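K.L.:
The structure's right below; bear with me while I get my questions together.
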Amino acid sequence: MARYSEFPLSLYNSYTREKEVFKTLHPGKVGMYVCGPTVYSYVHLGNVRTFLTFDVLYRYLIHLGYQVRYVRNITDVGHLVDDIDEGEDKIAKKARIDNIEPMEVVQKYTNDFHDTLKLFNFLNPSIEPTATGHIIEQIQMVQQILDNGFAYIVNGSVYFDVPKYQEAKGNYGRLSGRVLEDLMSNTRELDGQEEKKSPLDFAIWKKAEAMHIMKWPSPWGMGFPGWHLECSAMSTKYLGKEFDIHGGGMDLKFPHHECEIAQSVASDGIAPVKYWMHSNMLTVNGQKMSKSLGNSFTPAELLTGDHPLLKKGYTPMTVRFFMLQSHYSSTLDFSNDALEASEKGYKRLMKAWATLDSLVWKSGNVDLQLDKEITEALDEAYTNLSDDLNTAKCIANLFDLATRINSMANGQLDSGMLSKGTFDRLQKEFPEILRDILGILPEDGGDSGVVDGLMKLLINIRQNARANKDFATSDQIRNTLNELGIQIKDGADGTSYSLN
RNA sequence: GGUCGGAUGGCCGAGUGGCUAGGCACGGGUCUGCAAAACCCUUUACACCGGUUCGAAUCCGGUUCCGACCUCCA
């Protein structure tokens, strides 16, 4: 049976500003679109947080039994670096600086993006369309918007007519809470705006100046698509005119997502998205992580710790775990202290997982209270995930379970105090939640049979030394192993070890 | 300036009209040859001022501070 009926999912919908029970447009199927990166530079940790939110959502939807089509685009058309219409685009600029082809820039940073996501154990989306691969679809959409009278042509560029759209449809600004009059009065004095009828209008097709490298022929001349358009065109192509979930960073809410809605409505006459989801920013010392502030760092810098903001290196799983300990809709502040705390917490859960794997159920006197407690903690883990993806609370449930698992391992509790069914469920679902839903994996690696054999040998030698009260030898073994990152644990029923 | 959001204990971070979030750190204990690990116990909260309520950290109003967006941004 599909688990979504057992643990029905609720999501906070940015559009309605309410938490809503998630109902799919088509039974059992979910269409999800997430705005991907513009590939003109390395992704940084802030980017990772957004994609992580939707990676976990994707995993959870699958786990609940939905059939999910997850589309995440790559923006590989260079959009203008500033407001000035004659400006260079970001990708072209980077290409000029590095003296390479624009598509080499795109390829380089697309590869980096993929490598990074792999590092953090992200699942691949079902479709990863590129803007350059969908120029025709975008031209068609521009034409449709023109045909419907919501855009106009000036000097080879096509602009979306926001005031006219607003008059007809009246929902521009609803998603981001903007009021048109306020936007008008706050419009900055910008160069190169004279082509637009209203400063609120935005380009859906832009004429390419001679210097522009990435350009395509269109009914309006050589040019390139407006930034907001690609997501509308590609989401429509792969998910339909109406689909379930659209996600992205909070900073895309306005104008990007607002414009997406307007474009789809202007083109197809229908609001495209049922549930809008926005992931909040990663901050450093309270400020948004961004390149311009110089407070961002790349995953590579994170691993090595080679950055002024980093006291030491942190592993990808530590970071993934750190991020999941907060709710996606809250800002999350990065700090070394927080990362170090997460590192220890992460290791604690991983050890509990390994311990759980080694536990064997033995028939005994079932403790109904304990049995119930374990069952409830597992249920709550799912209930919390279903409550707008509350990974923080879910992880709290896992820590509660870890305590019980450790107690069973060290003999303070007995596996037989659980019914066979509950024990089996624990052994199955605890790792499932970590591995399949949260995407958290052990990273000690190198735990080969050889290492295990050697460790057993050393532990035996040490046991003998201890039996003979030769503590110099036993401590030497323990201390040396410790220096190698291997921890010796003397328990009630023998000695075990773990790799740190 | 406009719009929106936030302010939780030593640090990070959930949540909620009355019931221990959780992690990390600190302290005490059990275990141990000594440790480590593990387990048990314990301490420090809800920015400020009013209001609603039997009861508010949670709702409402105001104040202060911080942030995001308004321009490319995850």
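Residues in the structure tokens are named by chain (A, B, ... in the order shown) and by number from 1 within that chain; ligands are numbered from 1 in the order shown.
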Skip B:C26 itself and residues of its chain fewer than 4 positions away, then list as a list in words all residues within 12 Å of it, counting only C-alpha atoms (C1' of nucleotides).

P.N.:
G10, C11, U42, U43 and U44 of chain B

K.L.:
Could you please tell me, as a list in words, which residues of chain A have an atom within 6 Å of chain B when using only C-alpha atoms (C1' of nucleotides)?

P.N.:
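Selected residues: Asn47, Thr50, Val81, Gly249, Ala338, Ala341, Gly345, Ala396 and Lys489 of chain A.
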
K.L.:
Name the closest residue to A:Gly247 among the candidates A:Val43, A:Ala203, A:Tyr275, A:Gln138; distances are taken between atoms, counting only C-alpha atoms.

P.N.:
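Closest to A:Gly247 of all the choices is A:Tyr275.
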
K.L.:
Need the shell around A:Thr422: protein/DNA/RNA residues with any atom at most 7 Å away, counting only C-alpha atoms (C1' of nucleotides). Skip same-chain ones fewer than 4 positions apart. Format as a list in words?

P.N.:
Asp371, Thr375, Leu418 and Leu426 of chain A

K.L.:
Please save N, CA and C atoms of the selected residues as a JSON list (two decimals), in the first residue's frame.

P.N.:
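The new file result.json reads:
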[["chain", "number", "residue", "atom", "x", "y", "z"],
["A", 371, "ASP", "N", 8.18, -1.19, 23.83],
["A", 371, "ASP", "CA", 7.73, -1.56, 22.49],
["A", 371, "ASP", "C", 6.91, -0.43, 21.87],
["A", 375, "THR", "N", 7.73, 2.04, 18.60],
["A", 375, "THR", "CA", 6.75, 2.15, 17.52],
["A", 375, "THR", "C", 6.34, 3.59, 17.29],
["A", 418, "LEU", "N", 11.48, -6.09, 22.97],
["A", 418, "LEU", "CA", 10.63, -5.68, 21.84],
["A", 418, "LEU", "C", 10.01, -6.91, 21.23],
["A", 426, "LEU", "N", 12.18, -1.70, 13.42],
["A", 426, "LEU", "CA", 13.24, -0.77, 13.79],
["A", 426, "LEU", "C", 14.47, -1.01, 12.93]]

K.L.:
So that I can check the surroundings of B:A57, please list as a VMD selection string every protein, DNA and RNA residue that reaches within 10 Å of it, counting only C-alpha atoms (C1' of nucleotides) and ignoring chain neighbours fewer than 3 positions away.

P.N.:
chain B and resid 8 16 45 to 46

K.L.:
Please, could you write that set of residues out with C-alpha atoms (C1' of nucleotides) as a PDB file, in the first residue's frame?

P.N.:
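Output saved as out05.pdb:
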ATOM      1  C1'   U B   8      14.241  30.769  21.818  1.00  0.00           C
ATOM      2  C1'   U B  16       3.612  25.361  20.673  1.00  0.00           C
ATOM      3  C1'   A B  45      15.005  29.837  27.568  1.00  0.00           C
ATOM      4  C1'   C B  46      11.607  31.941  24.715  1.00  0.00           C
TER       5        C B  46
END

K.L.:
Write out as a list in words the set of residues from stretch 302-452 of chain A that DSSP, computed on the backbone, places in strand (DSSP E or B).

P.N.:
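Here are the strand (DSSP E or B) residues of stretch 302-452 of chain A: Leu332, Asp333, Phe334 and Asp387 of chain A.
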
K.L.:
Which of these residues is nearest to B:C41, using only C-alpha atoms (C1' of nucleotides): B:U58, B:G27, B:C19, B:U53?

P.N.:
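Nearest to B:C41: B:G27.
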
K.L.:
Residues of stretch 243-453 of chain A in alpha helix (DSSP H) according to DSSP, as a PyMOL selection string?

P.N.:
chain A and resi 258-268+299-304+316-324+336-358+368-386+391-409+420-432+449-453

K.L.:
Write to file, as a short mmCIF file (atom, residue, chain, number, x, y, z; two decimals), in the first residue's frame, the residues of the selection just made, with C-alpha atoms.

P.N.:
data_model
loop_
_atom_site.label_atom_id
_atom_site.label_comp_id
_atom_site.auth_asym_id
_atom_site.auth_seq_id
_atom_site.Cartn_x
_atom_site.Cartn_y
_atom_site.Cartn_z
CA GLU A 258 6.20 35.93 -10.22
CA CYS A 259 7.09 36.31 -13.87
CA GLU A 260 6.83 32.59 -14.46
CA ILE A 261 3.25 32.62 -13.29
CA ALA A 262 2.43 35.63 -15.46
CA GLN A 263 4.01 34.06 -18.52
CA SER A 264 2.15 30.81 -18.18
CA VAL A 265 -1.15 32.50 -17.54
CA ALA A 266 -0.58 34.88 -20.44
CA SER A 267 0.36 32.01 -22.71
CA ASP A 268 -1.90 29.15 -21.62
CA PRO A 299 32.41 22.49 -1.40
CA ALA A 300 36.08 21.95 -2.15
CA GLU A 301 37.06 24.63 0.34
CA LEU A 302 34.68 23.14 2.84
CA LEU A 303 36.30 19.73 2.63
CA THR A 304 39.82 20.99 3.07
CA PRO A 316 29.83 16.31 2.93
CA MET A 317 27.68 14.12 5.15
CA THR A 318 28.36 16.32 8.16
CA VAL A 319 27.18 19.29 6.15
CA ARG A 320 24.15 17.49 4.80
CA PHE A 321 23.22 16.45 8.31
CA PHE A 322 23.82 19.96 9.62
CA MET A 323 21.45 21.42 7.07
CA LEU A 324 18.74 18.86 7.75
CA ASN A 336 32.16 26.37 12.90
CA ASP A 337 30.67 25.61 16.29
CA ALA A 338 27.42 24.49 14.72
CA LEU A 339 29.24 22.34 12.18
CA GLU A 340 31.34 20.71 14.88
CA ALA A 341 28.25 19.94 16.91
CA SER A 342 26.62 18.39 13.85
CA GLU A 343 29.70 16.37 13.11
CA LYS A 344 29.47 14.70 16.50
CA GLY A 345 25.75 14.19 16.26
CA TYR A 346 26.10 12.69 12.82
CA LYS A 347 28.71 10.24 14.03
CA ARG A 348 26.54 9.26 16.91
CA LEU A 349 23.69 8.33 14.59
CA MET A 350 26.01 6.44 12.27
CA LYS A 351 27.35 4.41 15.17
CA ALA A 352 23.83 3.64 16.30
CA TRP A 353 23.00 2.49 12.80
CA ALA A 354 26.00 0.15 12.71
CA THR A 355 25.11 -1.10 16.18
CA LEU A 356 21.53 -1.74 15.16
CA ASP A 357 22.71 -3.81 12.19
CA SER A 358 24.67 -6.05 14.51
CA LEU A 368 4.98 -3.20 26.29
CA GLN A 369 5.97 0.32 27.29
CA LEU A 370 9.30 0.14 25.47
CA ASP A 371 7.73 -1.56 22.49
CA LYS A 372 5.18 1.19 22.24
CA GLU A 373 7.82 3.87 22.62
CA ILE A 374 9.83 2.51 19.69
CA THR A 375 6.75 2.15 17.52
CA GLU A 376 5.67 5.68 18.26
CA ALA A 377 9.10 7.13 17.58
CA LEU A 378 9.14 5.48 14.17
CA ASP A 379 5.62 6.65 13.41
CA GLU A 380 6.49 10.15 14.54
CA ALA A 381 9.54 10.24 12.31
CA TYR A 382 7.22 9.81 9.35
CA THR A 383 4.55 12.10 10.71
CA ASN A 384 7.15 14.81 11.15
CA LEU A 385 8.45 14.38 7.63
CA SER A 386 4.91 14.56 6.36
CA THR A 391 13.59 16.96 9.02
CA ALA A 392 14.72 18.55 12.29
CA LYS A 393 12.01 16.81 14.28
CA CYS A 394 12.48 13.60 12.35
CA ILE A 395 16.14 13.61 13.32
CA ALA A 396 15.18 14.18 16.95
CA ASN A 397 13.14 10.98 16.73
CA LEU A 398 16.16 9.16 15.36
CA PHE A 399 18.27 10.33 18.28
CA ASP A 400 15.67 8.98 20.68
CA LEU A 401 15.84 5.67 18.89
CA ALA A 402 19.64 5.75 18.93
CA THR A 403 19.59 5.91 22.71
CA ARG A 404 17.44 2.78 22.84
CA ILE A 405 19.56 0.99 20.29
CA ASN A 406 22.70 1.69 22.31
CA SER A 407 21.02 0.48 25.46
CA MET A 408 20.14 -2.80 23.79
CA ALA A 409 23.72 -3.17 22.60
CA LYS A 420 9.75 -9.47 16.91
CA GLY A 421 7.66 -7.27 14.68
CA THR A 422 8.77 -4.04 16.33
CA PHE A 423 12.40 -5.10 16.38
CA ASP A 424 12.30 -5.97 12.69
CA ARG A 425 10.60 -2.72 11.90
CA LEU A 426 13.24 -0.77 13.79
CA GLN A 427 16.02 -2.61 12.04
CA LYS A 428 14.43 -1.91 8.68
CA GLU A 429 13.14 1.63 9.04
CA PHE A 430 15.84 3.36 11.06
CA PRO A 431 18.37 2.93 8.24
CA GLU A 432 15.67 3.55 5.64
CA GLY A 449 37.42 -7.52 5.60
CA VAL A 450 41.15 -7.09 5.95
CA VAL A 451 40.78 -4.22 8.37
CA ASP A 452 38.23 -6.17 10.32
CA GLY A 453 40.52 -9.19 10.52
#

K.L.:
Report as a list in words all protein, DNA and RNA residues lying within 10 Å of stretch 59-64 of chain B, evaluated on only C-alpha atoms (C1' of nucleotides), omitting residues in the same chain fewer than 4 positions from it.

P.N.:
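Close residues of stretch 59-64 of chain B: G17, A47, C48, C49, G50, G51, U52 and U53 of chain B.
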
K.L.:
With only C-alpha atoms (C1' of nucleotides) as the counted atoms, please give the residues lying no more than 8 Å from A:Phe202, apart from itself and same-chain residues fewer than 2 positions off, as number ranges by chain.

P.N.:
A: 159-162, 196, 199-200, 204, 226
